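**Q** This is the structure, below, for whatever I ask next.
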Amino acid sequence: MATIAEWLRIDAERVIEGLEDAREMLDSANGELVLDFSSVRRIDPGAVRALQTLAATADEKTVKVVLRGVNIEIYKVLKLVKLTRRFSFVT
Amino acid sequence: MTENASSLSEERIAYLEGLVNQARTAAAVFTQCTQEDVDRIVKPMVLAGLEQVQNLARLAIEETKLGVLEDKVLKNLVATEFVYNYVKDKRTVGIVREFPERGLVELAEPIGVIFSLIPITNPTSTVLFKCIMAVKTRNAVIFSPHPKAWRCCSEAVRIMYEAAVKHGAPEGIFTCLESHTLEDNAYLMQHKDIGLIDATGGPNAVKAAYSSGKPALGVGPGNTPVYLEKTADVGMAVVDIITSKTFDNGTICASEQTVVIDDEIYDLVLKKFAELGAHVCNEKETELLGRTVIDPSTGFMQPLAVGQKATDIARMIGLRVNPNTKLLIAPIQGVGREHPLSVEKLFPVLSVYRAKSVDEALKVCVDVNHAGGLGHTAVIFSRNDETIRRFGEVINAGRIIVNSPGSIGALGGVYNDMVPTFSFGCGTGGGNSTTDNINVYHYLNIKRVARRTPAHMWFRVPSQIYFNMNAVENVRRLPSRSTIIVTNPPLEQFGLVDIVRRYIPPETHVHVSVIPDAEPEVSVVMQGVEALNFYKADQIIALGGGSVIDAAKIMKLKYESPQADLEELAAPFLDLRKRVIDFPSEKVNRARLIAISTTSGTGSEVTPFAVLTDKERGRKVTLADYSLTPDVAIVDPQFVMSMPKGLTADTGVDCLTHALEAGVSIYASAYTDSNAMQAIRLVFKYLPIAYEQPQNEEARTMMHNAACIAAMAFANASVGVNHALAHAFGARFHVAHGRANALMLPHVIAYNAAVPSKFMPSPNQRGYTAHQKYALVSDLLGLGGHTIEEKVNNLVTAIERLLDQLAFPRSIAAMGISKEDFALAMPELVKNAFDDPSGRSNPRMPLVSELEELFWSAYKGRGLAKVASASQQRTS
C-alpha cells in the first residue's frame with residue numbers, strides 16, 4: 001500500500017527552526033520526509049549544522065529526507081560540506 | 001586520518017577536526033556571497049584593522065621582542081590601507097575578466113580552507129593582510145602563528161573576524177590554532193579539506209608546506225644584494241638603504257644584506273653612512289661580528305640577533321658605539337662560508353664590498369643572490385639604464401628594486417607600483433611556485449570559459465585570372481622591361497612559346513629558360529634564378545603543366561628573397577597561420593609571375609603550393625604559402641587542345657579529386673564549396689567529351705576552367721586522404737598522379753561517407769557532414785536516390801563509370817603489381833601516406849590501419865566501394 005510522505009515548507013527567515021521542526025517530525029514520518037526549500041535563497045553555517053544533525057537523526061530513524069526546490073547555490077554549499085549524499089533532491 | 005595523527009591525542013585530533021569542519025562550513029556558505037556582499041564586508045574589516053594598528057604593533061613588540069614600534073605601525077598601515085587600496089576595485093567573485101574578442105571569460109572560484117603560517121618577524125601585519133585577502137576571495141583561514149607571536153596574532157585575527165562576521169561573513173571564517181605544535185601543523189597541512197597552505201616564514205615552514213603534497217604558497221628567506229653604482233645619487237641611496245635596513249630592525253626579508261659599491265664612490269659612500277648614523281666596523285670588529293651573529297655550524301644568522309637594535313648587537317660583541325648608532329657596516333672581501341656576513345641578516349648589520357669594475361660588482365651581486373637569495377629581492381642604485389638592464393638580466397629575483405629601499409620597495413605600493421604584499425614569492429630559485437608578490441589572485445582558482453572560436457577563414461587566389469580562348473592576349477597589358485619564360489622542351493618545340501611571345505610588347509627583353517626534366521629539381525631551379533638575376537627580370541611567365549609552374553614559383557621566391565632556405569620552408573605544419581617557419585617578407589628583387597597552364601588538372605596557376613624534386617636527398621620538397629600564388633593566371637584552352645588522351649584523363653580526374661576533396665575538407669567554406677561543386681559538374685559533363693573528342697573546343701575550355709575552379713577550391717580548403725594515398729602510391733610505383741588518384745577515389749568516398757572511427761578536430765565545421773556533402777554532389781549531378789547512403793553510393797557508381805569510360809585500370813592489381821610486391825611495399829606506403837600533410841584536412845582522421853585497408857581496397861579495385869547505412873555501420 002502506498003504511503004504519503006510527510007511534507008514541510010522551510011521558511012527562508014527561519015531555516016534553522018524549520019530544520020529543528022523537521023527533526024521532530026522524523027518520528028511520525030512514514031519513511032520519508034519532504035522539505036520544501038523553494039523559498040530559501042541562502043543558508044548560513046547554523047543551517048548547515050542543523051542539516052548535519054537532521055541527516056544524522058534521519059539515518060538513525062531510517063527516514064529518507066527529500067529536499068525539494070533547493071537552488072543551485074545552496075546545492076553547491078551542501079556539496080562542499082559533503083551533505084548531498086545524505087539527502088535526496090527533487091526539483 | 002593523516003600519518004602524523006599517531007603522535008596526536010584523540011582530543012587534539014578532535015579539536016583540529018572541529019577547526020577544519022568549522023572553516024569548511026564557513027567557506028562553503030561563503031560561496032553564496034556576491035561581489036557586492038564581499039566588498040561590503042572588506043571595508044569595515046579594514047577600518048577595524050586601521051583603528052588598531054598601534055595596539056597591534058605594541059602587542060607584537062611586547063610579545064616577540066623584535067623590531068621597532070613605529071615601523072610595525074607602518075607595516076600594519078600598509079597591510080590594511082595599501083592592501084585595501086589595491087583590492088577594493090578588483091573583481092574576485094563571478095566574472096573577473098572578459099576577453100570578448102577571444103571568446104574567453106575568466107571566473108573566480110574560491111579555494112575553500114586555507115591553512116596559513118604567520119612569521120614572528122611580521123606577525124600582525126601578515127594576519128591583517130591575509131584576512132583581507134581571504135574575505136575578498138571568499139575563503140576561510142586557519143591561522144598558525146609562530147608560537148612566540150601567538151597572542152598578537154590571535155588578537156589581530158579576533159579584530160578582523162568580529163568586523164567580518166558583523167558585516168555578513170559566515171561564522172567560523174577565521175580561526176587561530178591554540179598552543180599548537182609542529183605535529184598540529186603537519187596534521188593540518190595534510191588534511192584533505194585544506195585547499196591551500198600559505199606559508200610565510202622560515203625555510204623549515206616553507207619546506208614543510210611544499211612537502212605536504214598540498215598546493216602551497218611557500219615564501220621564504222632572501223639575501224638581497226645591492227649594487228651601488230658610480231652614477232647613483234649617493235645621498236639618496238645611503239638614506240634609502242639606512243631607512244630600509246633599519247626598518248623594523250631589518251626583519252623584512254627583502255631588506256638589504258650586502259651592498260656592492262663601485263670603487264670610485266666607495267669611500268664617499270662609507271663616509272655618508274657614518275655621517276648618517278652608521279658605524280663602519282674595522283677588520284677585527286667585522287670578524288668578531290661574523291663569529292657572533294652568524295652560527296658557524298650552519299652558516300645562518302643567530303636567532304638571538306633577529307630584529308634587535310644595532311646598539312644591542314654591538315653590545316653582543318663588546319663594541320662600544322654611539323648610542324644613536326642605527327646600523328653596523330661590515331666590509332667583506334667575498335661571498336660564501338668563509339665570509340660569514342655575506343648571508344641573510346634580519347637585523348641592522350649590513351655588509352659592504354668594494355668592486356673594482358661593473359663586471360666584478362655584478363659578479364659579487366650574483367654570488368650574494370645565489371647565497372640564499374635566489375628568486376627573492378635585489379636592489380640597484382644607478383642612473384645608467386644599461387647597467388640597470390644588465391643587473392636585471394643576471395640577477396634571479398622576483399623583485400628588482402631600482403633607486404629605492406629594498407624592504408619597503410618590495411612590499412609594493414609605497415615606492416613603486418608593485419602589488420602590496422607581505423608574502424614574497426621567490427620562484428623556483430627559492431623553492432616557490434611563483435615570483436609574484438602574493439595577492440588576492442593567488443587565493444583564487446581562475447576558471448576559464450572558452451567559447452568555440454571558428455578560425456578566421458580566407459579565399460585567396462591570384463588578383464587577375466584571364467580565361468577562355470585567346471586569354472593569353474592579356475599578356476600584352478602587363479608591362480615588363482625584362483621577361484623570362486620558363487617552360488619545357490616539348491612546349492617550345494610545338495610552338496607554344498611563340499604564341500606567348502607574340503603578345504609580349506616588342507620593347508620587352510625576353511629570355512626563354514627551358515627546364516629539361518618533367519620533375520624539375522633544385523639545381524635546375526637555381527639555374528633559372530641565375531637567369532633572372534642576369535637579365536634583371538621583372539616578369540616571369542611560367543608556361544607548362546604543374547611542374548613548370550611550381551618551378552617558376554620557387555624561382556621567383558629565390559630571386560626575390562635569396563635568403564629563403566627551401567629546406568626550412570618545407571618544414572611540416574598543421575595550421576598555415578600558426579606555422580613555425582615564416583616565408584620571407586624582405587625582397588631584394590620583384591617580379592610578376594604569370595602562370596599559363598598547359599594541362600587541365602593541377603591548377604597550379606592559382607594555388608599556393610609548389611613541389612620540387614631534391615635529387616640529392618632523394619625526396620620531394622613541398623612548399624605551401626600564399627606568397628607563392630602566381631600574380632596572374634591565364635586559363636587559355638588553346639594551350640591544351642593538343643593534350644593526349646591519357647593526359648586528358650589523368651589531369652581531368654586529378655581535377656575531380658581536387659574538387660571532391662576540397663568539398664569535404666575540414667577547411668571547406670561556402671566560398672570553396674561553390675567552386676568545388678561547379679568544378680565537379682563541369683568535369684562530369686565535359687571530361688568524357690574532351691577525352692573522346694580532343695578538338696572539341698567547348699569541352700576543352702570547360703575542362704580547363706574546371707581545373708582552375710577546382711584549384712581555387714583546394715587552394716583554400718586543401719585536399720584530403722585521397723591525395724595522401726595517391727602521393728605515397730604514385731611515388732613508390734611510379735604511377736602518374738591523376739591515375740593514382742583515380743585508383744583510390746571510389747574507396748575514399750565510401751570511407752569518408754561512413755561514420756568515422758575517429759573524428760578530425762575541426763572548429764570550422766558543425767558536426768560531421770562529409771556524407772551529406774557527397775549526397776549534395778549526387779543531387780547536383782542528378783544521380784537519384786532517396787537516402788544519403790543511396791545518393792553517396794550512386795555517386796561512387798557514377799565515378800566508377802566515368803573512370804571506366806576514361807579507360808583507367810580498375811585496380812592496382814590490374815596494373816600488373818603483384819600482391820606480394822604490394823604487401824612488401826605496404827609499411828612504406830602507409831607511413832608516407834600518414835605523414836602526408838594532405839590527410840590533415842580530411843574530414844575523418846585516417847588511422848594507420850584504415851590507410852592500409854584503403855590501399856588494399858584500391859588493390860582489389862572498383863565495384864567494391866559501398867557505403868552502409870548508419871545503422872548498419874553501428875551494428876557491423
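Just so we're on the same page: first chain in the C-alpha cells is A, next is B, and so on; residues restart at 1 for each chain, and ligands are numbered from 1 in the order they show up.
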Give me the residues within 10 Å of Pro516 of chain B as a PyMOL selection string, counting only C-alpha atoms and dropping any in the same chain fewer than 6 places off.

**A** chain B and resi 487-490+524+548

**Q** Can you write just those residues out, C-alpha atoms, as a PDB file, in the first residue's frame?

**A**
```
ATOM      1  CA  THR B 487      58.864  26.231 -69.971  1.00  0.00           C
ATOM      2  CA  ASN B 488      59.888  22.703 -71.003  1.00  0.00           C
ATOM      3  CA  PRO B 489      61.266  21.358 -74.305  1.00  0.00           C
ATOM      4  CA  PRO B 490      58.101  19.934 -75.955  1.00  0.00           C
ATOM      5  CA  VAL B 524      67.571  23.425 -62.260  1.00  0.00           C
ATOM      6  CA  VAL B 548      56.903  24.049 -64.714  1.00  0.00           C
TER       7      VAL B 548
END
```

**Q** I'd like the neighbourhood of Val87 of chain B as a VMD selection string, where a residue qualifies if any of its atoms comes within 9 Å (using only C-alpha atoms), though same-chain residues fewer than 2 positions away should be ignored.

**A** chain B and resid 82 to 85 89 to 92 132 to 133 136 439 to 440

**Q** Please determine the contact residues of chain B with respect to chain A at a cut-off of 9 Å, counting only C-alpha atoms, and supply them as an MDAnalysis selection string.

**A** chainID B and resid 21:22 24:33 112 170:172

**Q** List the spatial neighbours of Leu33 of chain A as a VMD selection string - criterion: any atom at most 7 Å away, only C-alpha atoms, same-chain residues fewer than 3 positions off excluded.

**A** chain A and resid 5 to 7 29 63 to 66

**Q** Tell me, as a list in words, which residues lie within 6 Å of segment 751-759 of chain B, counting only C-alpha atoms; anything in the same chain fewer than 5 positions away does not count.

**A**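 Counting only C-alpha atoms, the residues come to Ala770, His771, Arg844 and Met845 of chain B.
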
**Q** Would you mind writing down, as a PyMOL selection string, each residue of chain A that DSSP on the backbone assigns to helix (DSSP H, G or I)?

**A** chain A and resi 15-25+45-60+72-80+84-86

**Q** Please produce a file of the residues just selected, as a PDB file, in the first residue's frame, where the atoms kept are C-alpha atoms.

**A**
```pdb
ATOM      1  CA  VAL A  15      15.649  27.964   8.315  1.00  0.00           C
ATOM      2  CA  ILE A  16      17.244  26.615  11.493  1.00  0.00           C
ATOM      3  CA  GLU A  17      13.975  26.487  13.354  1.00  0.00           C
ATOM      4  CA  GLY A  18      12.343  24.828  10.369  1.00  0.00           C
ATOM      5  CA  LEU A  19      15.005  22.164  10.314  1.00  0.00           C
ATOM      6  CA  GLU A  20      14.559  21.568  14.028  1.00  0.00           C
ATOM      7  CA  ASP A  21      10.822  21.134  13.412  1.00  0.00           C
ATOM      8  CA  ALA A  22      11.689  18.726  10.660  1.00  0.00           C
ATOM      9  CA  ARG A  23      13.851  16.711  13.034  1.00  0.00           C
ATOM     10  CA  GLU A  24      10.932  16.391  15.403  1.00  0.00           C
ATOM     11  CA  MET A  25       8.748  15.190  12.533  1.00  0.00           C
ATOM     12  CA  PRO A  45      26.655  27.899   8.952  1.00  0.00           C
ATOM     13  CA  GLY A  46      23.892  27.364  11.544  1.00  0.00           C
ATOM     14  CA  ALA A  47      21.623  25.942   8.856  1.00  0.00           C
ATOM     15  CA  VAL A  48      24.446  23.680   7.661  1.00  0.00           C
ATOM     16  CA  ARG A  49      24.875  22.368  11.211  1.00  0.00           C
ATOM     17  CA  ALA A  50      21.101  21.848  11.520  1.00  0.00           C
ATOM     18  CA  LEU A  51      21.105  19.892   8.270  1.00  0.00           C
ATOM     19  CA  GLN A  52      24.019  17.777   9.523  1.00  0.00           C
ATOM     20  CA  THR A  53      22.068  17.000  12.693  1.00  0.00           C
ATOM     21  CA  LEU A  54      18.911  16.283  10.728  1.00  0.00           C
ATOM     22  CA  ALA A  55      20.791  13.901   8.449  1.00  0.00           C
ATOM     23  CA  ALA A  56      22.279  12.047  11.416  1.00  0.00           C
ATOM     24  CA  THR A  57      18.877  11.673  13.096  1.00  0.00           C
ATOM     25  CA  ALA A  58      17.218  10.625   9.850  1.00  0.00           C
ATOM     26  CA  ASP A  59      19.868   7.927   9.432  1.00  0.00           C
ATOM     27  CA  GLU A  60      19.149   6.630  12.918  1.00  0.00           C
ATOM     28  CA  ILE A  72      21.985  25.659  -7.172  1.00  0.00           C
ATOM     29  CA  GLU A  73      23.898  27.964  -4.823  1.00  0.00           C
ATOM     30  CA  ILE A  74      22.653  26.116  -1.755  1.00  0.00           C
ATOM     31  CA  TYR A  75      23.165  22.783  -3.509  1.00  0.00           C
ATOM     32  CA  LYS A  76      26.819  23.761  -4.046  1.00  0.00           C
ATOM     33  CA  VAL A  77      27.191  24.609  -0.337  1.00  0.00           C
ATOM     34  CA  LEU A  78      25.789  21.182   0.550  1.00  0.00           C
ATOM     35  CA  LYS A  79      28.127  19.588  -1.962  1.00  0.00           C
ATOM     36  CA  LEU A  80      31.154  21.336  -0.415  1.00  0.00           C
ATOM     37  CA  THR A  84      24.374  15.988  -0.753  1.00  0.00           C
ATOM     38  CA  ARG A  85      24.942  12.265  -0.402  1.00  0.00           C
ATOM     39  CA  ARG A  86      22.829  12.246   2.757  1.00  0.00           C
TER      40      ARG A  86
END
```

**Q** Just the residues within 10 Å of segment 337-340 of chain B, please, counting only C-alpha atoms, with nothing from its chain fewer than 3 positions along; format it as a PDB file with C-alpha atoms, in the first residue's frame.

**A**
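Written out: around-v8.pdb:
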```
ATOM      1  CA  THR B 286      83.827  42.602  11.378  1.00  0.00           C
ATOM      2  CA  GLU B 287      85.457  39.277  12.172  1.00  0.00           C
ATOM      3  CA  LEU B 289      80.595  40.266  14.413  1.00  0.00           C
ATOM      4  CA  GLY B 290      80.668  37.403  11.923  1.00  0.00           C
ATOM      5  CA  ARG B 291      81.504  34.904  14.632  1.00  0.00           C
ATOM      6  CA  THR B 292      78.776  36.208  16.941  1.00  0.00           C
ATOM      7  CA  VAL B 293      75.702  36.882  14.817  1.00  0.00           C
ATOM      8  CA  ILE B 294      76.202  34.022  12.357  1.00  0.00           C
ATOM      9  CA  ASP B 295      76.066  30.430  13.582  1.00  0.00           C
ATOM     10  CA  PRO B 296      79.380  28.922  12.418  1.00  0.00           C
ATOM     11  CA  THR B 298      75.056  26.251   9.987  1.00  0.00           C
ATOM     12  CA  GLY B 299      76.241  29.418   8.331  1.00  0.00           C
ATOM     13  CA  PHE B 300      72.866  31.050   9.078  1.00  0.00           C
ATOM     14  CA  MET B 301      72.096  34.027  11.293  1.00  0.00           C
ATOM     15  CA  ILE B 332      83.665  41.939   3.466  1.00  0.00           C
ATOM     16  CA  GLN B 333      86.112  40.622   0.894  1.00  0.00           C
ATOM     17  CA  GLY B 334      83.950  37.946  -0.707  1.00  0.00           C
ATOM     18  CA  VAL B 343      74.382  35.714   4.199  1.00  0.00           C
ATOM     19  CA  GLU B 344      70.919  36.950   5.209  1.00  0.00           C
ATOM     20  CA  SER B 351      77.903  44.019   4.606  1.00  0.00           C
ATOM     21  CA  ALA B 371      73.925  32.519  -1.394  1.00  0.00           C
TER      22      ALA B 371
END
```

**Q** Would you please work out which residue, of A:Phe87, A:Asp27, A:Arg14, A:Ile4, is nearest to Ser39 of chain A when using only C-alpha atoms?

**A**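 Counting only C-alpha atoms, the residue closest to Ser39 of chain A is A:Arg14.
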
**Q** Between atom CA of Arg97 of chain B and atom CA of Glu36 of chain B, measure the distance and give it in Å to one decimal.

**A** 16.4 Å

**Q** For segment 504-509 of chain B, find every residue with an atom within 7 Å (counting only C-alpha atoms), except residues of its own chain fewer than 6 positions away, and show them as a list of chain:residue names.

**A**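 Counting only C-alpha atoms, the residues come to B:Val475, B:Arg476, B:Ser480, B:Arg481, B:Ser482, B:Thr483.
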
**Q** When distances are computed from only C-alpha atoms, which of B:Gly730, B:Gly738, B:Pro454, B:Gly103 shows the smallest separation from Gly652 of chain B?

**A**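 Comparing B:Gly730, B:Gly738, B:Pro454, B:Gly103 against Gly652 of chain B, the winner is B:Gly738.
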
**Q** Quick one: everything within 12 Å of segment 827-836 of chain B, counting only C-alpha atoms, minus sequence neighbours fewer than 4 positions away in the same chain. Send it as a PyMOL selection string.

**A** chain B and resi 572-574+619-622+719-733+821-823+840-842+845-856

**Q** Any chance you can output those residues with C-alpha atoms as a short mmCIF file (atom, residue, chain, number, x, y, z; two decimals), in the first residue's frame?

**A**
```cif
data_model
loop_
_atom_site.label_atom_id
_atom_site.label_comp_id
_atom_site.auth_asym_id
_atom_site.auth_seq_id
_atom_site.Cartn_x
_atom_site.Cartn_y
_atom_site.Cartn_z
CA PRO B 572 55.72 20.46 -41.77
CA PHE B 573 52.83 22.37 -40.24
CA LEU B 574 49.30 21.78 -39.05
CA ARG B 619 62.83 13.25 -51.99
CA LYS B 620 60.28 15.87 -52.93
CA VAL B 621 60.15 19.26 -51.27
CA THR B 622 56.64 20.66 -50.88
CA VAL B 719 42.71 18.24 -50.21
CA GLY B 720 42.39 15.02 -48.21
CA VAL B 721 43.36 11.43 -47.71
CA ASN B 722 42.87 10.55 -51.38
CA HIS B 723 45.85 12.71 -52.24
CA ALA B 724 47.84 11.30 -49.32
CA LEU B 725 47.29 7.76 -50.61
CA ALA B 726 47.94 8.77 -54.23
CA HIS B 727 51.17 10.58 -53.36
CA ALA B 728 52.53 7.57 -51.48
CA PHE B 729 51.41 5.05 -54.09
CA GLY B 730 52.46 7.16 -57.10
CA ALA B 731 55.94 7.78 -55.70
CA ARG B 732 56.50 4.11 -54.80
CA PHE B 733 55.23 2.56 -58.05
CA ASP B 821 55.19 -6.66 -54.09
CA PHE B 822 52.27 -4.59 -52.86
CA ALA B 823 52.34 -6.25 -49.45
CA ARG B 840 45.30 16.53 -42.14
CA SER B 841 42.41 18.30 -43.80
CA ASN B 842 40.47 15.10 -44.46
CA MET B 845 41.08 11.20 -39.18
CA PRO B 846 42.70 8.40 -41.14
CA LEU B 847 44.02 5.74 -38.79
CA VAL B 848 47.10 3.83 -39.85
CA SER B 849 45.08 0.61 -40.05
CA GLU B 850 42.46 2.35 -42.18
CA LEU B 851 45.08 3.62 -44.61
CA GLU B 852 46.23 0.05 -45.09
CA GLU B 853 42.63 -1.08 -45.65
CA LEU B 854 42.15 1.69 -48.21
CA PHE B 855 45.30 0.63 -50.07
CA TRP B 856 44.06 -2.95 -50.17
#
```
